[in-house]
>>> print(open('run-v3.cif').read())   # mmCIF, C-alpha atoms and all ligand atoms
data_upload
loop_
_atom_site.label_atom_id
_atom_site.label_comp_id
_atom_site.auth_asym_id
_atom_site.auth_seq_id
_atom_site.Cartn_x
_atom_site.Cartn_y
_atom_site.Cartn_z
CA MET A 1 109.42 119.92 80.05
CA ASN A 2 112.40 121.48 81.78
CA ARG A 3 114.33 118.34 82.55
CA THR A 4 117.72 119.56 83.63
CA LEU A 5 120.81 118.41 81.76
CA THR A 6 123.76 117.60 83.98
CA LEU A 7 127.37 118.28 82.92
CA ALA A 8 129.16 117.31 86.11
CA ASP A 9 128.49 117.17 89.86
CA ASP A 10 126.07 119.98 90.80
CA THR A 11 126.51 121.49 87.33
CA PHE A 12 123.55 121.97 84.99
CA TRP A 13 122.91 123.34 81.50
CA VAL A 14 120.33 126.13 81.76
CA GLY A 15 120.75 127.48 78.24
CA VAL A 16 118.24 127.87 75.40
CA ASN A 17 117.95 127.04 71.71
CA ASP A 18 117.17 129.90 69.35
CA HIS A 19 115.31 129.04 66.16
CA GLU A 20 113.87 132.51 65.76
CA THR A 21 116.86 134.66 64.90
CA GLU A 22 117.38 134.64 61.13
CA LEU A 23 120.77 136.37 61.13
CA PHE A 24 123.25 136.15 63.99
CA GLU A 25 124.71 139.62 64.63
CA ALA A 26 122.23 140.72 61.92
CA LEU A 27 124.67 139.20 59.41
CA TRP A 28 125.14 135.43 59.54
CA PRO A 29 122.35 132.96 58.56
CA LEU A 30 121.35 130.35 61.12
CA PRO A 31 119.80 127.43 59.21
CA TYR A 32 120.36 125.12 62.19
CA GLY A 33 119.66 127.75 64.85
CA VAL A 34 122.04 128.66 67.62
CA SER A 35 122.18 127.93 71.34
CA TYR A 36 122.99 130.31 74.13
CA ASN A 37 124.59 128.03 76.69
CA ALA A 38 124.40 129.00 80.33
CA TYR A 39 125.31 126.79 83.27
CA LEU A 40 124.33 126.64 86.91
CA ILE A 41 126.59 125.37 89.68
CA VAL A 42 124.58 124.58 92.81
CA ASP A 43 126.78 124.63 95.90
CA GLU A 44 126.61 126.46 99.24
CA GLN A 45 126.65 129.49 96.99
CA VAL A 46 125.03 129.21 93.57
CA ALA A 47 126.74 130.53 90.45
CA LEU A 48 125.21 131.09 87.03
CA ILE A 49 127.90 130.97 84.36
CA ASP A 50 126.85 133.31 81.55
CA ALA A 51 123.21 134.00 80.64
CA VAL A 52 121.16 134.10 77.45
CA LYS A 53 119.81 136.55 74.87
CA GLY A 54 117.13 138.72 76.50
CA HIS A 55 114.34 137.42 74.31
CA PHE A 56 114.69 133.96 75.88
CA LEU A 57 114.77 135.06 79.51
CA THR A 58 111.52 133.39 80.58
CA GLU A 59 112.68 129.94 79.44
CA HIS A 60 116.09 130.57 80.97
CA ILE A 61 114.63 131.49 84.37
CA GLN A 62 112.33 128.44 84.27
CA LYS A 63 115.36 126.21 83.73
CA ILE A 64 117.29 127.88 86.52
CA ALA A 65 114.28 127.47 88.84
CA ALA A 66 114.05 123.77 87.93
CA ALA A 67 117.69 123.22 88.89
CA LEU A 68 117.62 125.30 92.10
CA PRO A 69 116.88 123.42 95.34
CA PRO A 70 114.08 124.93 97.44
CA GLY A 71 115.19 127.97 99.42
CA LYS A 72 118.21 128.66 97.22
CA THR A 73 118.77 131.66 94.98
CA VAL A 74 121.46 132.56 92.47
CA ASP A 75 124.29 134.36 94.23
CA TYR A 76 126.71 135.06 91.38
CA LEU A 77 126.50 135.65 87.66
CA ILE A 78 129.91 134.92 86.16
CA ILE A 79 130.22 136.92 82.94
CA ASN A 80 132.77 135.29 80.69
CA HIS A 81 131.58 137.44 77.83
CA MET A 82 129.57 140.66 77.98
CA GLU A 83 128.07 140.58 74.46
CA PRO A 84 124.29 141.10 74.65
CA ASP A 85 123.46 137.59 73.39
CA HIS A 86 124.60 136.51 76.87
CA THR A 87 123.70 139.55 78.98
CA GLY A 88 120.75 141.23 77.23
CA ALA A 89 118.33 140.68 80.11
CA ILE A 90 120.77 141.15 82.95
CA ARG A 91 118.75 143.88 84.64
CA ILE A 92 115.65 141.67 84.78
CA LEU A 93 117.75 138.68 85.86
CA ARG A 94 118.85 140.78 88.81
CA LYS A 95 115.24 141.50 89.69
CA ALA A 96 114.45 137.77 89.51
CA PHE A 97 117.40 136.95 91.82
CA PRO A 98 117.83 139.90 94.23
CA GLY A 99 121.33 140.03 95.70
CA LEU A 100 122.89 138.64 92.51
CA THR A 101 126.54 139.69 92.34
CA LEU A 102 127.92 140.30 88.85
CA VAL A 103 131.40 138.84 88.42
CA GLY A 104 133.76 139.97 85.68
CA ASN A 105 137.13 141.51 85.04
CA LYS A 106 137.81 145.25 84.86
CA LYS A 107 136.86 145.48 81.21
CA THR A 108 133.63 143.53 81.80
CA LEU A 109 132.64 145.91 84.55
CA ASP A 110 133.37 148.96 82.37
CA MET A 111 131.09 147.49 79.71
CA LEU A 112 128.34 146.61 82.19
CA ALA A 113 128.24 150.25 83.21
CA ALA A 114 128.27 151.45 79.59
CA PHE A 115 125.66 149.00 78.27
CA TYR A 116 123.28 148.64 81.21
CA GLY A 117 124.22 151.37 83.68
CA LEU A 118 125.09 148.67 86.24
CA ASP A 119 127.89 149.42 88.67
CA GLN A 120 126.58 148.16 92.02
CA ASP A 121 127.13 144.72 93.54
CA CYS A 122 129.86 143.84 91.08
CA LEU A 123 132.90 141.72 91.90
CA GLU A 124 136.04 142.43 89.89
CA VAL A 125 138.30 139.44 89.28
CA LYS A 126 141.84 139.32 87.93
CA ASP A 127 143.65 136.65 85.99
CA GLY A 128 144.11 133.57 88.19
CA ASP A 129 141.72 134.73 90.94
CA VAL A 130 139.58 132.08 92.63
CA LEU A 131 136.01 132.26 93.88
CA GLU A 132 134.99 129.55 96.35
CA LEU A 133 131.36 128.48 96.17
CA GLY A 134 131.74 125.82 98.86
CA ARG A 135 132.95 122.57 97.37
CA HIS A 136 133.43 124.12 93.94
CA ARG A 137 136.35 126.45 93.20
CA LEU A 138 136.07 128.78 90.24
CA GLN A 139 139.30 130.02 88.74
CA PHE A 140 139.28 132.87 86.22
CA HIS A 141 141.54 133.02 83.20
CA LEU A 142 141.57 136.20 81.15
CA THR A 143 141.65 135.53 77.42
CA PRO A 144 141.28 139.02 75.91
CA MET A 145 140.03 139.51 72.34
CA LEU A 146 138.45 136.10 72.04
CA HIS A 147 136.64 137.96 70.47
CA TRP A 148 135.97 141.02 72.69
CA PRO A 149 138.41 142.76 75.03
CA GLU A 150 136.77 141.44 78.23
CA THR A 151 136.52 137.76 77.27
CA MET A 152 137.65 135.26 79.89
CA MET A 153 137.25 131.61 80.80
CA THR A 154 136.19 130.10 84.11
CA LEU A 155 137.55 126.75 85.24
CA ASP A 156 135.77 124.79 87.95
CA THR A 157 138.84 123.11 89.42
CA THR A 158 136.62 120.73 91.41
CA THR A 159 134.86 119.16 88.42
CA GLY A 160 137.29 120.08 85.63
CA VAL A 161 134.64 121.90 83.58
CA LEU A 162 136.15 124.73 81.55
CA PHE A 163 133.50 127.35 80.81
CA SER A 164 135.21 128.82 77.80
CA GLY A 165 132.89 131.64 76.73
CA ASP A 166 132.60 132.13 72.97
CA ALA A 167 135.92 130.34 72.44
CA PHE A 168 135.39 126.77 71.13
CA GLY A 169 131.79 127.67 70.33
CA GLY A 170 129.77 127.10 67.18
CA PHE A 171 126.46 127.77 65.47
CA GLY A 172 123.75 125.12 65.57
CA SER A 173 121.18 124.50 68.29
CA VAL A 174 121.70 121.61 70.69
CA GLU A 175 118.30 120.01 71.26
CA GLN A 176 119.45 117.08 69.13
CA GLY A 177 122.53 116.58 71.27
CA LEU A 178 124.17 118.91 73.76
CA PHE A 179 127.23 116.70 74.18
CA ASP A 180 129.84 115.74 71.61
CA ASP A 181 129.08 112.03 72.07
CA GLU A 182 125.41 112.50 71.11
CA ALA A 183 125.43 115.39 68.59
CA ASP A 184 125.71 115.12 64.80
CA LEU A 185 129.36 116.15 64.88
CA GLU A 186 129.82 116.45 61.13
CA LEU A 187 127.07 119.05 61.01
CA MET A 188 128.07 120.75 64.24
CA GLU A 189 131.76 120.96 63.33
CA GLY A 190 130.75 122.55 60.02
CA GLU A 191 128.68 125.09 61.93
CA MET A 192 131.58 125.57 64.34
CA LEU A 193 133.92 126.41 61.46
CA ARG A 194 131.37 128.88 60.11
CA TYR A 195 131.10 130.44 63.58
CA TYR A 196 134.88 130.55 63.93
CA THR A 197 135.53 132.08 60.54
CA ASN A 198 132.78 134.67 60.72
CA ILE A 199 132.89 135.67 64.37
CA ILE A 200 136.34 134.89 65.75
CA ALA A 201 138.76 134.58 62.83
CA ARG A 202 140.01 138.16 62.79
CA TYR A 203 141.46 137.47 66.24
CA SER A 204 143.26 134.27 65.28
CA GLN A 205 146.50 135.46 66.89
CA MET A 206 144.68 135.99 70.16
CA VAL A 207 143.12 132.54 69.79
CA GLN A 208 146.64 131.15 69.65
CA LYS A 209 147.51 133.02 72.87
CA GLY A 210 144.32 131.74 74.50
CA ILE A 211 145.10 128.19 73.48
CA GLU A 212 148.60 128.45 74.96
CA LYS A 213 146.93 129.36 78.25
CA VAL A 214 144.32 126.61 78.00
CA LYS A 215 147.03 124.00 77.37
CA ASN A 216 148.35 124.66 80.88
CA LEU A 217 145.00 123.95 82.49
CA THR A 218 143.62 120.62 83.62
CA PHE A 219 140.06 120.14 82.41
CA ARG A 220 137.84 117.27 81.34
CA VAL A 221 134.85 119.12 79.83
CA VAL A 222 134.81 122.15 77.53
CA ALA A 223 131.58 124.09 77.88
CA PRO A 224 131.33 127.07 75.53
CA THR A 225 128.54 129.66 75.31
CA HIS A 226 127.33 128.35 71.91
CA GLY A 227 127.01 124.85 70.49
CA VAL A 228 128.29 121.47 71.59
CA VAL A 229 129.62 120.73 75.08
CA TRP A 230 132.72 118.54 74.76
CA ARG A 231 132.80 115.84 77.43
CA LYS A 232 134.01 112.83 75.43
CA ASP A 233 136.82 114.55 73.58
CA PRO A 234 137.41 118.04 75.01
CA GLY A 235 140.80 118.15 73.29
CA ARG A 236 139.05 118.11 69.91
CA ALA A 237 137.35 121.47 70.52
CA VAL A 238 140.72 122.99 71.32
CA SER A 239 142.52 121.33 68.42
CA LEU A 240 139.89 122.49 65.88
CA TYR A 241 140.28 126.10 67.02
CA ASP A 242 144.04 125.62 67.07
CA GLU A 243 144.05 124.35 63.48
CA TRP A 244 141.76 127.13 62.22
CA SER A 245 143.65 129.90 64.00
CA ARG A 246 146.95 128.72 62.50
CA GLN A 247 145.38 129.04 59.04
CA GLU A 248 147.35 126.15 57.65
CA GLY A 249 144.45 124.80 55.58
CA GLU A 250 143.69 121.34 54.20
CA PRO A 251 144.62 120.21 50.69
CA GLY A 252 141.83 121.52 48.48
CA VAL A 253 140.71 124.57 46.58
CA THR A 254 137.80 126.89 47.20
CA VAL A 255 136.57 128.61 44.07
CA ALA A 256 134.85 131.96 44.61
CA TYR A 257 133.54 133.39 41.38
CA ALA A 258 131.13 135.94 40.01
CA SER A 259 129.64 135.95 36.53
CA MET A 260 126.83 137.99 35.00
CA TYR A 261 126.59 136.39 31.57
CA GLY A 262 128.62 133.20 31.88
CA ASN A 263 132.00 134.18 30.40
CA THR A 264 133.84 134.00 33.70
CA GLN A 265 131.92 130.92 34.71
CA ARG A 266 133.08 129.01 31.61
CA LEU A 267 136.69 129.95 32.32
CA VAL A 268 136.21 128.76 35.91
CA GLU A 269 134.83 125.45 34.65
CA SER A 270 138.03 124.79 32.67
CA ALA A 271 140.17 125.40 35.74
CA VAL A 272 137.89 123.33 38.00
CA ARG A 273 137.93 120.45 35.51
CA ALA A 274 141.72 120.31 35.81
CA LEU A 275 141.47 120.31 39.62
CA VAL A 276 138.88 117.54 39.64
CA GLU A 277 140.94 115.40 37.26
CA ARG A 278 143.84 115.71 39.69
CA GLY A 279 141.63 114.51 42.56
CA VAL A 280 141.69 117.85 44.40
CA PRO A 281 138.78 118.48 46.81
CA VAL A 282 136.97 121.52 45.43
CA ALA A 283 134.26 123.79 46.87
CA VAL A 284 132.74 126.05 44.23
CA HIS A 285 130.77 129.16 45.18
CA ASN A 286 128.93 131.49 42.86
CA LEU A 287 129.05 134.68 44.92
CA SER A 288 125.63 135.77 43.71
CA ARG A 289 124.16 132.64 45.29
CA SER A 290 126.28 131.51 48.24
CA HIS A 291 126.14 133.55 51.42
CA ALA A 292 129.56 134.93 52.27
CA SER A 293 129.58 133.09 55.61
CA TYR A 294 129.78 129.75 53.76
CA VAL A 295 132.33 131.02 51.27
CA VAL A 296 134.62 132.33 54.00
CA ALA A 297 134.33 129.03 55.91
CA ASP A 298 135.40 127.03 52.85
CA ILE A 299 138.19 129.48 52.09
CA TRP A 300 139.48 128.94 55.61
CA ARG A 301 139.21 125.18 55.23
CA HIS A 302 141.33 124.87 52.08
CA LYS A 303 144.90 125.78 51.23
CA GLY A 304 143.97 126.91 47.74
CA LEU A 305 141.74 129.74 46.56
CA LEU A 306 140.67 130.52 43.03
CA LEU A 307 139.20 133.99 42.58
CA ALA A 308 137.35 134.68 39.34
CA CYS A 309 135.54 137.88 38.48
CA PRO A 310 134.41 139.98 35.54
CA THR A 311 135.23 143.67 35.42
CA TYR A 312 132.32 145.78 36.56
CA ASN A 313 132.45 149.55 36.20
CA THR A 314 136.27 149.42 35.97
CA GLY A 315 136.64 147.33 39.11
CA LEU A 316 135.38 144.22 40.86
CA PHE A 317 131.87 142.81 40.63
CA PRO A 318 130.31 144.05 43.93
CA ALA A 319 129.91 140.62 45.54
CA MET A 320 133.61 139.89 44.95
CA ASP A 321 134.54 143.32 46.28
CA ASP A 322 132.57 142.57 49.47
CA LEU A 323 134.21 139.17 49.85
CA LEU A 324 137.74 140.50 49.45
CA ARG A 325 137.12 143.30 51.99
CA LEU A 326 135.80 140.71 54.41
CA LEU A 327 138.88 138.53 53.94
CA GLU A 328 141.19 141.52 54.39
CA ASN A 329 139.42 142.35 57.62
CA LYS A 330 139.94 138.77 58.78
CA MET A 331 143.64 138.97 57.91
CA LEU A 332 143.55 135.86 55.74
CA LYS A 333 146.97 134.29 55.25
CA ASN A 334 148.85 131.27 53.90
CA LYS A 335 146.78 130.76 50.75
CA GLN A 336 147.81 129.63 47.30
CA VAL A 337 145.75 131.93 45.10
CA GLY A 338 144.82 131.70 41.42
CA ILE A 339 143.20 134.64 39.64
CA LEU A 340 141.15 134.84 36.48
CA GLY A 341 138.80 137.39 35.00
CA SER A 342 136.90 138.59 31.97
CA PHE A 343 136.48 142.12 30.65
CA ALA A 344 135.21 143.92 27.55
CA TRP A 345 137.14 147.20 27.25
CA SER A 346 139.12 148.66 30.17
CA GLY A 347 139.62 145.68 32.47
CA GLY A 348 140.18 146.32 36.20
CA ALA A 349 138.95 143.25 38.12
CA VAL A 350 142.15 141.23 37.67
CA LYS A 351 144.25 144.18 38.81
CA ALA A 352 142.09 144.53 41.95
CA MET A 353 142.39 140.80 42.76
CA ARG A 354 146.17 141.04 42.33
CA GLN A 355 146.22 143.98 44.72
CA PHE A 356 144.30 141.90 47.24
CA THR A 357 146.82 139.04 47.12
CA ASP A 358 149.72 141.54 47.38
CA THR A 359 148.16 143.30 50.37
CA LEU A 360 147.70 140.05 52.28
CA HIS A 361 151.03 138.57 51.10
CA LEU A 362 149.28 135.52 49.68
CA ASP A 363 151.10 133.26 47.19
CA LEU A 364 150.02 133.97 43.64
CA VAL A 365 149.84 130.87 41.46
CA GLU A 366 150.53 131.63 37.78
CA PRO A 367 149.29 132.00 35.14
CA VAL A 368 146.90 134.85 35.85
CA VAL A 369 144.21 134.70 33.17
CA GLU A 370 142.54 137.83 31.85
CA ALA A 371 140.22 137.05 28.94
CA LYS A 372 138.41 139.48 26.70
CA GLY A 373 134.74 138.54 26.55
CA ALA A 374 134.31 134.79 26.26
CA GLY A 375 138.06 134.34 25.79
CA THR A 376 140.03 132.37 23.21
CA GLU A 377 140.99 128.68 23.01
CA GLU A 378 144.30 129.78 24.40
CA ASP A 379 142.60 131.42 27.41
CA GLY A 380 140.76 128.14 28.06
CA GLU A 381 144.09 126.28 27.98
CA LYS A 382 145.61 128.80 30.39
CA CYS A 383 142.71 128.19 32.78
CA ARG A 384 143.42 124.46 32.65
CA GLU A 385 147.07 125.17 33.32
CA LEU A 386 146.11 127.38 36.26
CA GLY A 387 144.00 124.52 37.65
CA GLU A 388 146.95 122.11 37.32
CA ARG A 389 149.36 124.52 38.99
CA LEU A 390 146.91 125.11 41.83
CA ALA A 391 146.56 121.35 42.24
CA ASP A 392 150.36 121.03 42.54
CA ALA A 393 150.50 123.93 45.00
CA VAL A 394 147.86 122.57 47.38
CA MET A 395 148.34 118.81 47.14
CA GLY A 396 152.11 118.72 47.65
CA ASP A 397 153.13 115.09 48.16
CA GLU A 398 149.57 113.79 48.71
C1 LIG B 401 127.25 146.62 34.30
C2 LIG B 401 128.50 146.22 33.59
C3 LIG B 401 129.65 146.96 33.73
C4 LIG B 401 130.81 146.61 33.07
N1 LIG B 401 131.92 147.37 33.24
C5 LIG B 401 133.05 147.07 32.54
C6 LIG B 401 134.21 147.87 32.65
O1 LIG B 401 134.23 148.88 33.34
N2 LIG B 401 135.31 147.53 31.94
C7 LIG B 401 135.34 146.42 31.14
O2 LIG B 401 136.37 146.14 30.53
N3 LIG B 401 134.24 145.64 31.02
C8 LIG B 401 133.10 145.93 31.70
N4 LIG B 401 131.98 145.16 31.56
C9 LIG B 401 132.01 144.02 30.65
C10 LIG B 401 132.19 142.68 31.35
O3 LIG B 401 133.32 142.73 32.18
C11 LIG B 401 132.34 141.60 30.30
O4 LIG B 401 131.18 141.55 29.51
C12 LIG B 401 132.65 140.25 30.85
O5 LIG B 401 132.89 139.35 29.80
C13 LIG B 401 131.46 139.74 31.67
O6 LIG B 401 131.75 138.50 32.20
P1 LIG B 401 130.57 137.52 32.67
O7 LIG B 401 129.91 136.99 31.46
O8 LIG B 401 131.30 136.47 33.44
O9 LIG B 401 129.66 138.32 33.51
C14 LIG B 401 130.83 145.49 32.22
C15 LIG B 401 129.66 144.73 32.07
C16 LIG B 401 128.51 145.09 32.73
C17 LIG B 401 127.27 144.27 32.58
#
>>> encode(input="run-v3.cif", output="structure tokens")
Amino acid sequence: MNRTLTLADDTFWVGVNDHETELFEALWPLPYGVSYNAYLIVDEQVALIDAVKGHFLTEHIQKIAAALPPGKTVDYLIINHMEPDHTGAIRILRKAFPGLTLVGNKKTLDMLAAFYGLDQDCLEVKDGDVLELGRHRLQFHLTPMLHWPETMMTLDTTTGVLFSGDAFGGFGSVEQGLFDDEADLELMEGEMLRYYTNIIARYSQMVQKGIEKVKNLTFRVVAPTHGVVWRKDPGRAVSLYDEWSRQEGEPGVTVAYASMYGNTQRLVESAVRALVERGVPVAVHNLSRSHASYVVADIWRHKGLLLACPTYNTGLFPAMDDLLRLLENKMLKNKQVGILGSFAWSGGAVKAMRQFTDTLHLDLVEPVVEAKGAGTEEDGEKCRELGERLADAVMGDE
């Protein structure tokens, strides 16, 4: 059962696939599961690179045991990221492998003490430090706020495997293909974007700093803590994160709308029709149906965003309010934004959406449409015009 997967010389995947957790971080749906990737380097000294969520410890230990030669134990646990989905069972892991030294930077060790009361047999490493296992040389590169303060990467300079922590990771389990040359990449890259936008995106500036650092390293495999291991095209993992953290966006428009009785929806349809006729890729989300994690991923993907919302108790419909707060928290930028809304007496939703674009310094595409009730013929025409203007704004010379 526990056939060991090999990444490079003496280097094995000892991670697990999780199909039990419904919501990652109690927030984000996992229709394709998620993997907790951990790796074992078997040398004179044996190093485990990251661990798994506590619930999966038994399977994890079985895999480690299958990869360990007789008489060997695990000497080091390298903690690239302290979050409990990689360290939850660390105390038991220590019992399973007595003498296990915990390796992390200063911030990791502070957290280990705070989370698990562990402060013995720890080895503090600094940026650029090297740990020799025998033939294998592990070099540590601190990449703070990717997406926690203690995050770092570990490069095995002997094999060229870059253990990148959560950076370059994605949702989606890996039993149908651990490596990029065997996985369903269309699906996995979609799940990677959803992971990026929902877990990492707020720290996009720090991702850029991390990528600058990574570009100076020589590696031939990128092995993150979640999702696909990139051995055929490791540069692709880096370039996807690079693209997403720059927030440049592809030509296309994501439509995020709410509608209780259909008035806003019909206005949206007029605008979308104009986009479709211009050949613009469109992703339409009814916020009462689509989970925000998918909406945010599509918003990140496209240059254009159409927000449409009825007024609800003088302000935004709650699902739109939630979405806009989420996008503010993620410091969304560089979007071409259209706004439309429907009201019956006071209005308020359109004003709130305008405030959102002002706060984030997004480019407002005119005309803003604010229709009373179902709206007039003229409102319908304005929605079409808004669709055309958005098409011009996002397609450029395409
Ligand atoms: C619970 C509720 C609260 C509303 N609050 C307001 C409001 O404060 N001000 C306003 O102008 N219209 C308000 N409306 C009216 C809607 O904004 C209006 O009917 C709009 O056309 C609904 O668009 P929809 O069909 O896309 O849901 C409210 C409607 C409902 C159902």
>>> axis_aligned_box(input="run-v3.cif", around="region 167-178 of chain A", padding_each_side="8 Å", output="JSON")
{"center_x": 127.1, "center_y": 123.5, "center_z": 69.6, "size_x": 33.6, "size_y": 29.8, "size_z": 24.3}
>>> closest_residue(input="run-v3.cif", among="A:Gly279, A:Asn263, A:Leu287, A:Glu385", to="ligand LIG 401 (chain B)", atoms="all atoms listed in the file")
A:Asn263
>>> closest_atom_pairs(input="run-v3.cif", of="chain A", to="ligand LIG 401 (chain B)", cutoff="6 Å", atoms="all atoms listed in the file", output="tab-separated table")
residue	atom	partner	partner_atom	distance
A:Ser259	CA	B:LIG401	O8	3.5
A:Met260	CA	B:LIG401	O9	3.2
A:Tyr261	CA	B:LIG401	O7	3.4
A:Gly262	CA	B:LIG401	O7	4.0
A:Asn263	CA	B:LIG401	O7	3.7
A:Thr264	CA	B:LIG401	O8	3.6
A:Gln265	CA	B:LIG401	O8	5.7
A:Pro310	CA	B:LIG401	O3	4.5
A:Thr311	CA	B:LIG401	O3	3.9
A:Tyr312	CA	B:LIG401	N1	3.7
A:Asn313	CA	B:LIG401	O1	3.4
A:Thr314	CA	B:LIG401	O1	3.4
A:Ser342	CA	B:LIG401	O5	4.6
A:Phe343	CA	B:LIG401	O3	3.6
A:Ala344	CA	B:LIG401	O2	3.9
A:Trp345	CA	B:LIG401	O2	3.5
A:Ser346	CA	B:LIG401	O2	3.7
A:Gly347	CA	B:LIG401	O2	3.8
A:Gly373	CA	B:LIG401	O5	3.8
A:Ala374	CA	B:LIG401	O5	5.9
>>> atom_distance(input="run-v3.cif", atom1="CA of Leu305 (chain A)", atom2="CA of Val238 (chain A)")
25.7 Å
>>> closest_atom_pairs(input="run-v3.cif", of="region 29-54 of chain A", to="region 289-294 of chain A", cutoff="12 Å", atoms="all atoms listed in the file", output="CSV")
residue,atom,partner,partner_atom,distance
A:Pro29,CA,A:Ser293,CA,7.8
A:Leu30,CA,A:Ser293,CA,10.3
A:Pro31,CA,A:Tyr294,CA,11.6
>>> atom_distance(input="run-v3.cif", atom1="CA of Pro251 (chain A)", atom2="CA of Val282 (chain A)")
9.4 Å
>>> residues_near_point(input="run-v3.cif", point="(149.3, 124.6, 70.1)", cutoff="9 Å", atoms="all atoms listed in the file", output="short mmCIF file (atom, residue, chain, number, x, y, z; two decimals) with C-alpha atoms, keeping the file's coordinate frame")
data_model
loop_
_atom_site.label_atom_id
_atom_site.label_comp_id
_atom_site.auth_asym_id
_atom_site.auth_seq_id
_atom_site.Cartn_x
_atom_site.Cartn_y
_atom_site.Cartn_z
CA GLN A 208 146.64 131.15 69.65
CA ILE A 211 145.10 128.19 73.48
CA GLU A 212 148.60 128.45 74.96
CA LYS A 215 147.03 124.00 77.37
CA VAL A 238 140.72 122.99 71.32
CA SER A 239 142.52 121.33 68.42
CA ASP A 242 144.04 125.62 67.07
CA GLU A 243 144.05 124.35 63.48
CA ARG A 246 146.95 128.72 62.50
#
>>> closest_residue(input="run-v3.cif", among="A:Thr154, A:Asn17, A:Asp9, A:Leu316", to="Leu77 (chain A)", atoms="all atoms listed in the file")
A:Thr154
>>> atom_distance(input="run-v3.cif", atom1="CA of Asp50 (chain A)", atom2="CA of Met82 (chain A)")
8.6 Å
